[in-house]
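This is protein.txt. It holds compact mmCIF, C-alpha atoms.
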```txt
# COMPACT_ATOMS: atom_id res chain seq x y z
CA MET A 1 11.04 15.64 16.60
CA SER A 2 9.90 14.09 13.35
CA ASP A 3 11.02 10.51 12.96
CA THR A 4 13.39 9.52 10.18
CA THR A 5 13.25 6.28 8.23
CA LEU A 6 16.41 5.07 6.52
CA LEU A 7 16.29 3.54 3.07
CA ASP A 8 19.50 1.95 1.81
CA VAL A 9 19.59 1.61 -1.98
CA LYS A 10 23.35 1.53 -2.34
CA GLY A 11 24.45 -0.55 -5.34
CA LEU A 12 21.09 -0.22 -7.09
CA ASN A 13 20.75 1.51 -10.41
CA CYS A 14 18.08 3.56 -12.13
CA PRO A 15 15.12 3.41 -11.67
CA LEU A 16 15.24 1.28 -8.52
CA PRO A 17 16.29 4.02 -6.04
CA ILE A 18 13.26 6.12 -7.06
CA LEU A 19 10.88 3.15 -7.05
CA ARG A 20 12.03 2.00 -3.61
CA ALA A 21 11.81 5.54 -2.25
CA LYS A 22 8.30 5.99 -3.57
CA LYS A 23 7.25 2.74 -1.92
CA ALA A 24 8.77 3.83 1.39
CA ILE A 25 7.26 7.32 1.31
CA LYS A 26 3.80 5.92 0.71
CA ASP A 27 3.84 4.33 4.16
CA LEU A 28 5.06 7.48 5.94
CA ALA A 29 2.89 9.99 7.74
CA ALA A 30 2.94 13.51 6.31
CA GLY A 31 5.91 15.42 7.72
CA SER A 32 7.99 12.32 8.44
CA VAL A 33 11.38 12.16 6.82
CA LEU A 34 12.81 9.47 4.59
CA GLU A 35 16.59 9.38 4.40
CA VAL A 36 17.84 7.66 1.25
CA HIS A 37 21.41 6.44 0.78
CA ALA A 38 22.33 5.77 -2.85
CA THR A 39 25.43 5.22 -4.95
CA ASP A 40 23.82 5.91 -8.34
CA PRO A 41 25.19 9.33 -9.46
CA GLY A 42 22.07 9.85 -11.59
CA SER A 43 19.94 9.78 -8.46
CA VAL A 44 21.02 13.35 -7.56
CA LYS A 45 19.09 14.92 -10.45
CA ASP A 46 16.41 12.25 -10.31
CA PHE A 47 15.45 12.84 -6.68
CA GLU A 48 15.18 16.57 -7.40
CA ALA A 49 12.80 15.86 -10.30
CA PHE A 50 10.91 13.24 -8.31
CA CYS A 51 10.31 15.65 -5.45
CA ARG A 52 9.27 18.53 -7.73
CA GLN A 53 6.79 16.29 -9.47
CA THR A 54 5.33 14.56 -6.41
CA GLY A 55 5.28 17.50 -3.99
CA ASN A 56 7.43 15.74 -1.40
CA GLU A 57 10.07 18.13 -0.06
CA LEU A 58 13.75 17.49 -0.74
CA VAL A 59 15.17 18.80 2.53
CA SER A 60 18.80 18.03 1.77
CA SER A 61 21.03 16.33 -0.76
CA VAL A 62 24.67 15.69 0.12
CA GLU A 63 27.49 13.43 -0.92
CA GLU A 64 29.66 11.72 1.67
CA ALA A 65 32.43 9.37 0.60
CA GLY A 66 30.73 8.33 -2.60
CA VAL A 67 27.31 7.92 -1.03
CA PHE A 68 24.53 10.29 -2.01
CA LYS A 69 22.28 11.08 0.94
CA PHE A 70 18.85 12.57 0.48
CA LYS A 71 16.38 13.68 3.11
CA ILE A 72 12.84 13.79 1.83
CA LYS A 73 9.93 15.08 3.86
CA ALA A 74 6.73 13.25 2.98
CA ALA A 75 3.89 15.47 1.75
CA MET P 1 0.21 19.96 -7.67
CA ALA P 2 -2.99 21.51 -8.96
CA GLY P 3 -4.97 20.21 -11.88
CA LYS P 4 -5.69 16.76 -13.15
CA THR P 5 -3.39 13.79 -12.81
CA LYS P 6 -0.83 13.70 -15.58
CA SER P 7 -0.69 10.67 -17.80
CA MET P 8 1.65 8.87 -20.15
CA SER P 9 1.16 6.23 -22.80
CA ILE P 10 3.80 4.15 -24.55
CA ILE P 11 3.45 1.96 -27.63
CA VAL P 12 5.80 -0.97 -27.02
CA THR P 13 6.88 -2.59 -30.29
CA LYS P 14 10.09 -4.39 -29.45
CA GLY P 15 10.70 -7.43 -27.30
CA THR P 16 14.42 -7.93 -27.05
CA LEU P 17 16.22 -7.74 -23.71
CA ASP P 18 17.69 -4.30 -24.44
CA TRP P 19 14.57 -2.77 -25.97
CA GLY P 20 12.44 -4.17 -23.16
CA TYR P 21 14.00 -1.83 -20.61
CA PRO P 22 12.92 1.67 -21.67
CA PRO P 23 9.14 1.06 -21.52
CA PHE P 24 9.25 -0.64 -18.13
CA ILE P 25 11.74 1.85 -16.63
CA LEU P 26 9.66 4.80 -17.78
CA ALA P 27 6.35 3.22 -16.79
CA THR P 28 7.44 2.33 -13.25
CA THR P 29 9.13 5.70 -12.75
CA ALA P 30 6.18 7.70 -14.07
CA VAL P 31 3.74 5.79 -11.91
CA SER P 32 6.01 6.47 -8.91
CA MET P 33 5.80 10.17 -9.76
CA GLY P 34 2.03 10.08 -9.70
CA LEU P 35 1.21 9.70 -13.39
CA ASP P 36 -1.37 7.35 -14.84
CA VAL P 37 0.45 5.06 -17.25
CA THR P 38 -0.74 2.92 -20.14
CA LEU P 39 1.45 0.50 -22.08
CA PHE P 40 0.19 -0.77 -25.43
CA PHE P 41 2.08 -3.91 -26.48
CA THR P 42 2.07 -4.68 -30.17
CA PHE P 43 4.05 -6.84 -32.58
CA TYR P 44 7.33 -7.99 -30.99
CA GLY P 45 6.56 -5.98 -27.87
CA LEU P 46 3.96 -8.59 -26.98
CA ALA P 47 6.80 -10.97 -26.10
CA LEU P 48 7.27 -8.82 -22.97
CA CYS P 49 3.83 -9.92 -21.76
CA LYS P 50 4.51 -13.63 -21.78
CA LYS P 51 4.41 -15.35 -18.40
CA LYS P 52 7.79 -16.86 -19.03
CA LEU P 53 10.27 -14.36 -20.38
CA ASP P 54 13.23 -15.55 -22.36
CA LEU P 55 14.51 -12.27 -23.70
CA ARG P 56 17.60 -12.06 -25.83
CA ILE P 57 19.55 -9.35 -27.55
CA SER P 58 20.68 -9.28 -31.14
CA THR P 59 23.83 -7.66 -32.44
CA LEU P 60 22.31 -7.48 -35.92
CA GLY P 61 21.40 -4.01 -37.11
CA ASN P 62 22.74 -2.67 -33.85
CA ALA P 63 25.54 -0.58 -35.28
CA ALA P 64 26.39 1.36 -32.11
CA MET P 65 26.50 -1.68 -29.89
CA GLU P 66 29.65 -2.25 -27.90
CA MET P 67 30.30 -4.27 -24.79
CA PRO P 68 32.76 -3.43 -22.03
CA MET P 69 35.50 -6.00 -22.06
CA MET P 70 38.72 -6.02 -20.04
CA GLY P 71 38.65 -2.26 -19.59
CA MET P 72 37.95 -1.60 -23.28
CA HIS P 73 34.88 -1.60 -25.44
CA MET P 74 34.42 -4.25 -28.07
CA SER P 75 32.18 -3.38 -30.97
CA MET P 76 29.83 -5.96 -32.40
CA PRO P 77 30.03 -5.89 -36.20
CA ASN P 78 26.96 -7.27 -37.94
CA ILE P 79 28.97 -10.05 -39.51
CA LEU P 80 29.68 -11.41 -36.02
CA GLY P 81 25.96 -11.53 -35.26
CA ALA P 82 25.40 -13.78 -38.22
CA LEU P 83 27.57 -16.45 -36.60
CA PRO P 84 25.75 -19.05 -34.55
CA GLY P 85 26.20 -18.54 -30.83
CA VAL P 86 27.17 -14.88 -30.95
CA ASP P 87 23.75 -13.55 -29.95
CA GLY P 88 23.62 -16.13 -27.17
CA LEU P 89 26.98 -14.96 -25.93
CA ALA P 90 25.99 -11.31 -26.14
CA THR P 91 22.78 -12.09 -24.24
CA ALA P 92 24.71 -13.89 -21.50
CA MET P 93 27.16 -10.98 -21.23
CA MET P 94 24.33 -8.47 -21.00
CA LYS P 95 22.54 -10.46 -18.28
CA ASP P 96 25.77 -10.72 -16.35
CA MET P 97 26.36 -6.95 -16.58
CA ILE P 98 22.78 -6.26 -15.52
CA LYS P 99 23.25 -8.32 -12.38
CA LYS P 100 26.67 -6.86 -11.54
CA LYS P 101 25.61 -3.23 -12.01
CA GLY P 102 22.52 -3.41 -9.79
CA VAL P 103 20.15 -2.94 -12.72
CA ALA P 104 16.73 -4.47 -12.18
CA SER P 105 15.68 -7.45 -14.27
CA ILE P 106 12.85 -7.01 -16.77
CA GLU P 107 10.85 -9.50 -14.69
CA GLU P 108 11.31 -7.34 -11.60
CA LEU P 109 10.36 -4.11 -13.37
CA ARG P 110 7.32 -5.74 -14.93
CA GLU P 111 6.19 -7.02 -11.56
CA LEU P 112 6.55 -3.53 -10.11
CA ALA P 113 4.55 -2.13 -13.02
CA VAL P 114 1.74 -4.63 -12.46
CA GLU P 115 1.80 -3.94 -8.72
CA ALA P 116 1.56 -0.20 -9.34
CA GLU P 117 -1.46 -0.75 -11.61
CA VAL P 118 0.13 0.34 -14.83
CA ARG P 119 -2.57 -0.29 -17.43
CA MET P 120 -1.33 -2.87 -19.91
CA ILE P 121 -3.07 -3.43 -23.21
CA ALA P 122 -2.14 -6.31 -25.48
CA CYS P 123 -2.83 -5.82 -29.18
CA GLN P 124 -5.54 -8.33 -30.08
CA MET P 125 -4.55 -8.34 -33.74
CA THR P 126 -0.96 -9.31 -32.90
CA MET P 127 -2.27 -12.07 -30.61
CA GLU P 128 -4.05 -13.55 -33.62
CA LEU P 129 -1.20 -12.87 -36.03
CA PHE P 130 1.46 -14.60 -33.95
CA GLU P 131 -0.96 -17.20 -32.58
CA TYR P 132 -0.37 -16.29 -28.95
CA LYS P 133 -2.77 -17.70 -26.36
CA GLN P 134 -4.08 -15.57 -23.52
CA SER P 135 -3.05 -18.41 -21.20
CA ASP P 136 0.60 -17.76 -22.19
CA MET P 137 0.32 -14.16 -21.09
CA ILE P 138 0.47 -12.61 -17.63
CA ASP P 139 -2.82 -11.88 -15.90
CA GLY P 140 -4.28 -8.42 -15.85
CA LEU P 141 -3.84 -7.59 -19.53
CA GLU P 142 -6.58 -5.91 -21.49
CA TYR P 143 -7.00 -7.15 -25.02
CA ALA P 144 -7.87 -4.37 -27.44
CA GLY P 145 -6.88 -2.56 -30.59
CA ALA P 146 -5.82 0.70 -32.15
CA ALA P 147 -8.98 2.63 -31.29
CA THR P 148 -8.48 1.92 -27.60
CA TYR P 149 -4.93 3.19 -27.83
CA VAL P 150 -5.89 6.32 -29.76
CA GLU P 151 -8.57 7.16 -27.23
CA THR P 152 -6.06 6.77 -24.40
CA ALA P 153 -3.34 8.67 -26.22
CA SER P 154 -5.61 11.58 -27.06
CA ALA P 155 -6.12 12.12 -23.34
CA SER P 156 -2.47 11.61 -22.33
CA ASP P 157 0.12 14.29 -21.65
CA ILE P 158 3.00 12.16 -22.91
CA ASN P 159 2.82 9.64 -25.76
CA LEU P 160 5.87 7.62 -26.71
CA PHE P 161 6.64 4.97 -29.29
CA ILE P 162 9.40 2.54 -28.42
```

For this file, write the structure as structure tokens.
Amino acid sequence: MSDTTLLDVKGLNCPLPILRAKKAIKDLAAGSVLEVHATDPGSVKDFEAFCRQTGNELVSSVEEAGVFKFKIKAA
Amino acid sequence: MAGKTKSMSIIVTKGTLDWGYPPFILATTAVSMGLDVTLFFTFYGLALCKKKLDLRISTLGNAAMEMPMMGMHMSMPNILGALPGVDGLATAMMKDMIKKKGVASIEELRELAVEAEVRMIACQMTMELFEYKQSDMIDGLEYAGAATYVETASASDINLFI
């Protein structure tokens, strides 16, 4: 139903995954989902903190073959 | 998400390549998380506001510094740093690592900070002291002094000195 936008930040290090995600979320309608693919292991904790602080909802956070995948629903 | 917008201020006192990272990383991240951010650049930190950045690192007084090299870590004794060319070599190695590891450049982070409307204050006294010209500095800086910082800091949730 809700559309998903993919953001690939593989290979980028802190704080770029968060900064790029913030930029992408800003352009999304409320309820749309941003799917972020990252390789920075620190991004797991950081996306949790980012979502708590900004009120965007972290729908899921999984690791697949060394890639950390986050689904974030825009507030 | 109730209440007033949170805010953070950082006094930026150092302008080497390594010390330049923490203020810009924290500023861009905090602004992404919805905080109002103020950076106050003073003394050597002002070098981070120059239009043309030529940031270097120094091994001197940097006792814990070590660089990855051929799978090991090489420490950088102070006596090495006193040799001509060593700091240049260390700077080149650091820039190379930054690129390889997907770490943003200081230029890139600073641009993102400006774009995100991080408030940047340049210390007027240091401008005079080091004879910097406003035309050498990036646009969008405020020029002010300690009282401006104290006023900002007294209203901020987080105040850091780097």

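The gap separating atom CA of Lys23 of chain A from atom CA of Cys51 of chain A is 13.7 Å, in Å to one decimal.
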
Exercise. Could you check which of A:Asp40, A:Glu63, A:Glu57, A:Asp27 is closest to chain P, using only C-alpha atoms?
Key: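 Using only C-alpha atoms, chain P sits closest to A:Asp40.
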
Practice problem: May I have the residues within 10 Å of Phe50 of chain A as a list of chain:residue names, using all atoms listed in the file and disregarding those fewer than 2 positions away in the same chain? | Solution: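 Selected residues are A:Ile18, A:Ala21, A:Lys22, A:Ser43, A:Lys45, A:Asp46, A:Phe47, A:Glu48, A:Arg52, A:Gln53, A:Thr54, A:Gly55, A:Asn56, A:Glu57, A:Leu58, P:Thr29, P:Ala30, P:Ser32, P:Met33, P:Gly34.
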
Quiz prompt | Contact residues around Asp18 of chain P with all atoms listed in the file at 9 Å, ignoring same-chain residues under 5 positions, as a list in words | solution =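 Using all atoms listed in the file, the neighbours found are Leu55, Arg56, Ile57, Ser58 and Met94 of chain P.
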
Practice problem: Find the residue from P:Leu39, P:Met72, P:Ala47, P:Leu17 that sits nearest to Leu160 of chain P; use all atoms listed in the file when measuring. | Solution: P:Leu39

Quiz item: For the atom pair atom CA of Arg119 of chain P and atom CA of Ser9 of chain P, what is the interatomic distance in Å to one decimal place?
Solution: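 That distance, rounded to one decimal, is 9.2 Å.
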
Practice problem: Report as JSON, numbers by chain the set of chain P residues whose atoms approach chain A to within 9 Å, with distances computed over only C-alpha atoms. | Solution: {"P": [1, 25, 26, 28, 29, 32, 33, 34, 101, 102, 103, 104, 109, 112]}

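When all atoms listed in the file are used to measure the gap to Ala74 of chain A, the shortest distance among A:Ser32, A:Asp8, A:Gly42, A:Ala24 belongs to A:Ser32.
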
Practice problem: Considering all atoms listed in the file, return as a PyMOL selection string whatever protein or nucleic-acid residues lie within 9 Å of Ala82 of chain P, sequence-local ones (same chain, fewer than 4 positions apart) excluded. | Solution: chain P and resi 59-60+78+86-87

Quiz item: What is the atom CA of Met137 of chain P to atom CA of Asp157 of chain P distance in Å?
Solution: 28.5 Å
